[in-house]
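Okay, structure first, notes after.
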Amino acid sequence: MQFTVPVQRTKVMRVLRAELGIDLTDVKVVLERVLAGAYSGTLPEIECLARRLRAAGIDAVAVPPTSV
């Protein structure tokens, strides 16, 4: 997932907690993975998360994983 502008970390954390059902400790770990581009899932899962982030006012784009 990529962000088109700098993000407000608290907004992203709020969406991640609501969508993934995780606690505050875990959401901090997931946030760092998302911001580093290391969070993975199926393309539909990532697109769904990106849609939720966009609905919260965060410019997010689902990006398919690159093959090595």
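By convention in this document, the chains of the structure tokens carry letters A, B, ... by their order, each chain's residues are numbered from 1, and ligands are numbered from 1 in the order they are shown.
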Using only C-alpha atoms, determine which residues lie at most 12 Å from Ala62 of chain A, disregarding the query and same-chain residues fewer than 3 positions distant; provide the list as an mmCIF file with N, CA, C and O atoms, in the first residue's frame.
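Now in part_37.cif:
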data_model
loop_
_atom_site.group_PDB
_atom_site.id
_atom_site.type_symbol
_atom_site.label_atom_id
_atom_site.label_comp_id
_atom_site.auth_asym_id
_atom_site.auth_seq_id
_atom_site.Cartn_x
_atom_site.Cartn_y
_atom_site.Cartn_z
ATOM 1 N N MET A 1 0.855 -1.160 0.000
ATOM 2 C CA MET A 1 0.000 0.000 0.000
ATOM 3 C C MET A 1 0.900 1.221 0.000
ATOM 4 O O MET A 1 1.924 1.231 0.662
ATOM 5 N N GLN A 2 0.493 2.225 -0.736
ATOM 6 C CA GLN A 2 1.255 3.465 -0.789
ATOM 7 C C GLN A 2 0.338 4.628 -0.443
ATOM 8 O O GLN A 2 -0.863 4.575 -0.675
ATOM 9 N N PHE A 3 0.949 5.669 0.090
ATOM 10 C CA PHE A 3 0.214 6.883 0.417
ATOM 11 C C PHE A 3 0.707 7.985 -0.491
ATOM 12 O O PHE A 3 1.904 8.122 -0.727
ATOM 13 N N THR A 4 -0.226 8.788 -0.998
ATOM 14 C CA THR A 4 0.145 9.820 -1.960
ATOM 15 C C THR A 4 0.623 11.100 -1.296
ATOM 16 O O THR A 4 1.250 11.920 -1.942
ATOM 17 N N VAL A 34 2.839 -1.052 7.372
ATOM 18 C CA VAL A 34 2.072 -0.383 6.313
ATOM 19 C C VAL A 34 2.864 0.790 5.755
ATOM 20 O O VAL A 34 3.011 0.938 4.534
ATOM 21 N N GLY A 37 5.663 -0.135 3.553
ATOM 22 C CA GLY A 37 5.308 -0.889 2.358
ATOM 23 C C GLY A 37 5.502 -2.376 2.525
ATOM 24 O O GLY A 37 5.561 -3.114 1.551
ATOM 25 N N TYR A 39 3.478 -4.357 4.558
ATOM 26 C CA TYR A 39 2.245 -5.036 4.955
ATOM 27 C C TYR A 39 1.709 -5.772 3.742
ATOM 28 O O TYR A 39 1.643 -5.218 2.650
ATOM 29 N N SER A 40 1.337 -7.020 3.907
ATOM 30 C CA SER A 40 0.895 -7.786 2.747
ATOM 31 C C SER A 40 -0.416 -8.507 3.013
ATOM 32 O O SER A 40 -0.830 -8.699 4.158
ATOM 33 N N GLY A 41 -1.040 -8.880 1.949
ATOM 34 C CA GLY A 41 -2.285 -9.622 1.952
ATOM 35 C C GLY A 41 -2.661 -9.840 0.505
ATOM 36 O O GLY A 41 -1.905 -9.486 -0.405
ATOM 37 N N THR A 42 -3.829 -10.399 0.287
ATOM 38 C CA THR A 42 -4.274 -10.534 -1.095
ATOM 39 C C THR A 42 -4.621 -9.148 -1.621
ATOM 40 O O THR A 42 -4.917 -8.225 -0.835
ATOM 41 N N LEU A 43 -4.591 -8.990 -2.925
ATOM 42 C CA LEU A 43 -4.910 -7.681 -3.497
ATOM 43 C C LEU A 43 -6.315 -7.216 -3.091
ATOM 44 O O LEU A 43 -6.479 -6.045 -2.715
ATOM 45 N N PRO A 44 -7.336 -8.082 -3.092
ATOM 46 C CA PRO A 44 -8.648 -7.629 -2.624
ATOM 47 C C PRO A 44 -8.640 -7.173 -1.152
ATOM 48 O O PRO A 44 -9.317 -6.201 -0.797
ATOM 49 N N GLU A 45 -7.884 -7.863 -0.300
ATOM 50 C CA GLU A 45 -7.800 -7.457 1.107
ATOM 51 C C GLU A 45 -7.152 -6.089 1.242
ATOM 52 O O GLU A 45 -7.632 -5.230 1.997
ATOM 53 N N ILE A 46 -6.062 -5.880 0.511
ATOM 54 C CA ILE A 46 -5.354 -4.609 0.597
ATOM 55 C C ILE A 46 -6.196 -3.493 -0.019
ATOM 56 O O ILE A 46 -6.243 -2.377 0.502
ATOM 57 N N GLU A 47 -6.901 -3.788 -1.101
ATOM 58 C CA GLU A 47 -7.772 -2.783 -1.719
ATOM 59 C C GLU A 47 -8.901 -2.397 -0.778
ATOM 60 O O GLU A 47 -9.248 -1.224 -0.666
ATOM 61 N N CYS A 48 -9.457 -3.369 -0.078
ATOM 62 C CA CYS A 48 -10.516 -3.071 0.892
ATOM 63 C C CYS A 48 -9.990 -2.154 1.991
ATOM 64 O O CYS A 48 -10.645 -1.173 2.362
ATOM 65 N N LEU A 49 -8.803 -2.438 2.490
ATOM 66 C CA LEU A 49 -8.189 -1.586 3.515
ATOM 67 C C LEU A 49 -7.903 -0.199 2.960
ATOM 68 O O LEU A 49 -8.163 0.812 3.626
ATOM 69 N N ALA A 50 -7.406 -0.122 1.734
ATOM 70 C CA ALA A 50 -7.141 1.175 1.110
ATOM 71 C C ALA A 50 -8.433 1.973 0.957
ATOM 72 O O ALA A 50 -8.446 3.185 1.171
ATOM 73 N N ARG A 51 -9.521 1.307 0.624
ATOM 74 C CA ARG A 51 -10.819 1.996 0.505
ATOM 75 C C ARG A 51 -11.260 2.566 1.841
ATOM 76 O O ARG A 51 -11.774 3.670 1.916
ATOM 77 N N ARG A 52 -11.081 1.784 2.888
ATOM 78 C CA ARG A 52 -11.455 2.263 4.235
ATOM 79 C C ARG A 52 -10.600 3.477 4.631
ATOM 80 O O ARG A 52 -11.101 4.420 5.233
ATOM 81 N N LEU A 53 -9.316 3.415 4.279
ATOM 82 C CA LEU A 53 -8.434 4.550 4.569
ATOM 83 C C LEU A 53 -8.866 5.781 3.770
ATOM 84 O O LEU A 53 -8.926 6.884 4.315
ATOM 85 N N ARG A 54 -9.202 5.598 2.501
ATOM 86 C CA ARG A 54 -9.666 6.732 1.690
ATOM 87 C C ARG A 54 -10.958 7.311 2.241
ATOM 88 O O ARG A 54 -11.149 8.520 2.253
ATOM 89 N N ASP A 59 -5.238 9.410 1.650
ATOM 90 C CA ASP A 59 -4.978 9.020 0.265
ATOM 91 C C ASP A 59 -4.107 7.770 0.246
ATOM 92 O O ASP A 59 -2.896 7.853 0.378
ATOM 93 N N PRO A 65 1.837 -6.859 -5.103
ATOM 94 C CA PRO A 65 3.217 -7.186 -4.743
ATOM 95 C C PRO A 65 4.061 -7.403 -5.999
ATOM 96 O O PRO A 65 3.564 -7.846 -7.019
#
| said: Just list as a count of residues only whatever in chain A DSSP marks as alpha helix (DSSP H). | reply: 38
| request: For Val7 of chain A, list every protein, DNA or RNA residue within 10 Å, evaluated using only C-alpha atoms, and leave out those in the same chain fewer than 4 positions away; present the list as a PyMOL selection string. | output: chain A and resi 3+11-12+35+57-60
| request: Based on DSSP run over this structure's backbone, return all residues of chain A in strand (DSSP E or B), as a PyMOL selection string. | output: chain A and resi 2-3+60-61
| said: Give me, as a PyMOL selection string, all polymer residues having an atom no more than 12 Å from Leu24 of chain A, counting only C-alpha atoms and skipping those fewer than 5 positions away in the same chain. | reply: chain A and resi 10+13-18+29-31
Dump of N, CA, C and O atoms for the selected residues, as a compact mmCIF listing (two decimals), in the first residue's frame:
# COMPACT_ATOMS: atom_id res chain seq x y z
N THR A 10 -2.26 8.89 13.46
CA THR A 10 -3.38 8.53 14.33
C THR A 10 -4.61 8.14 13.52
O THR A 10 -5.34 7.23 13.92
N MET A 13 -3.97 4.64 12.26
CA MET A 13 -4.08 3.70 13.37
C MET A 13 -5.55 3.43 13.70
O MET A 13 -5.93 2.29 13.96
N ARG A 14 -6.36 4.45 13.68
CA ARG A 14 -7.78 4.30 14.00
C ARG A 14 -8.45 3.35 12.99
O ARG A 14 -9.21 2.46 13.37
N VAL A 15 -8.16 3.54 11.71
CA VAL A 15 -8.74 2.67 10.68
C VAL A 15 -8.22 1.25 10.83
O VAL A 15 -9.00 0.28 10.75
N LEU A 16 -6.92 1.09 11.04
CA LEU A 16 -6.35 -0.24 11.20
C LEU A 16 -6.97 -0.98 12.39
O LEU A 16 -7.31 -2.16 12.28
N ARG A 17 -7.14 -0.29 13.49
CA ARG A 17 -7.74 -0.93 14.67
C ARG A 17 -9.16 -1.38 14.38
O ARG A 17 -9.56 -2.48 14.73
N ALA A 18 -9.93 -0.51 13.72
CA ALA A 18 -11.33 -0.84 13.43
C ALA A 18 -11.43 -1.99 12.42
O ALA A 18 -12.24 -2.90 12.60
N VAL A 29 2.70 -1.87 15.48
CA VAL A 29 3.55 -2.74 14.66
C VAL A 29 3.03 -2.78 13.23
O VAL A 29 3.79 -2.63 12.27
N VAL A 30 1.72 -2.95 13.07
CA VAL A 30 1.12 -2.99 11.74
C VAL A 30 1.30 -1.65 11.04
O VAL A 30 1.60 -1.61 9.84
N LEU A 31 1.14 -0.56 11.75
CA LEU A 31 1.32 0.78 11.16
C LEU A 31 2.70 0.92 10.55
O LEU A 31 2.84 1.39 9.42
| task | Could you jot down the atom CA of Ala56 of chain A to atom CA of Glu19 of chain A separation for me, Å, one decimal place? | result | 11.9 Å
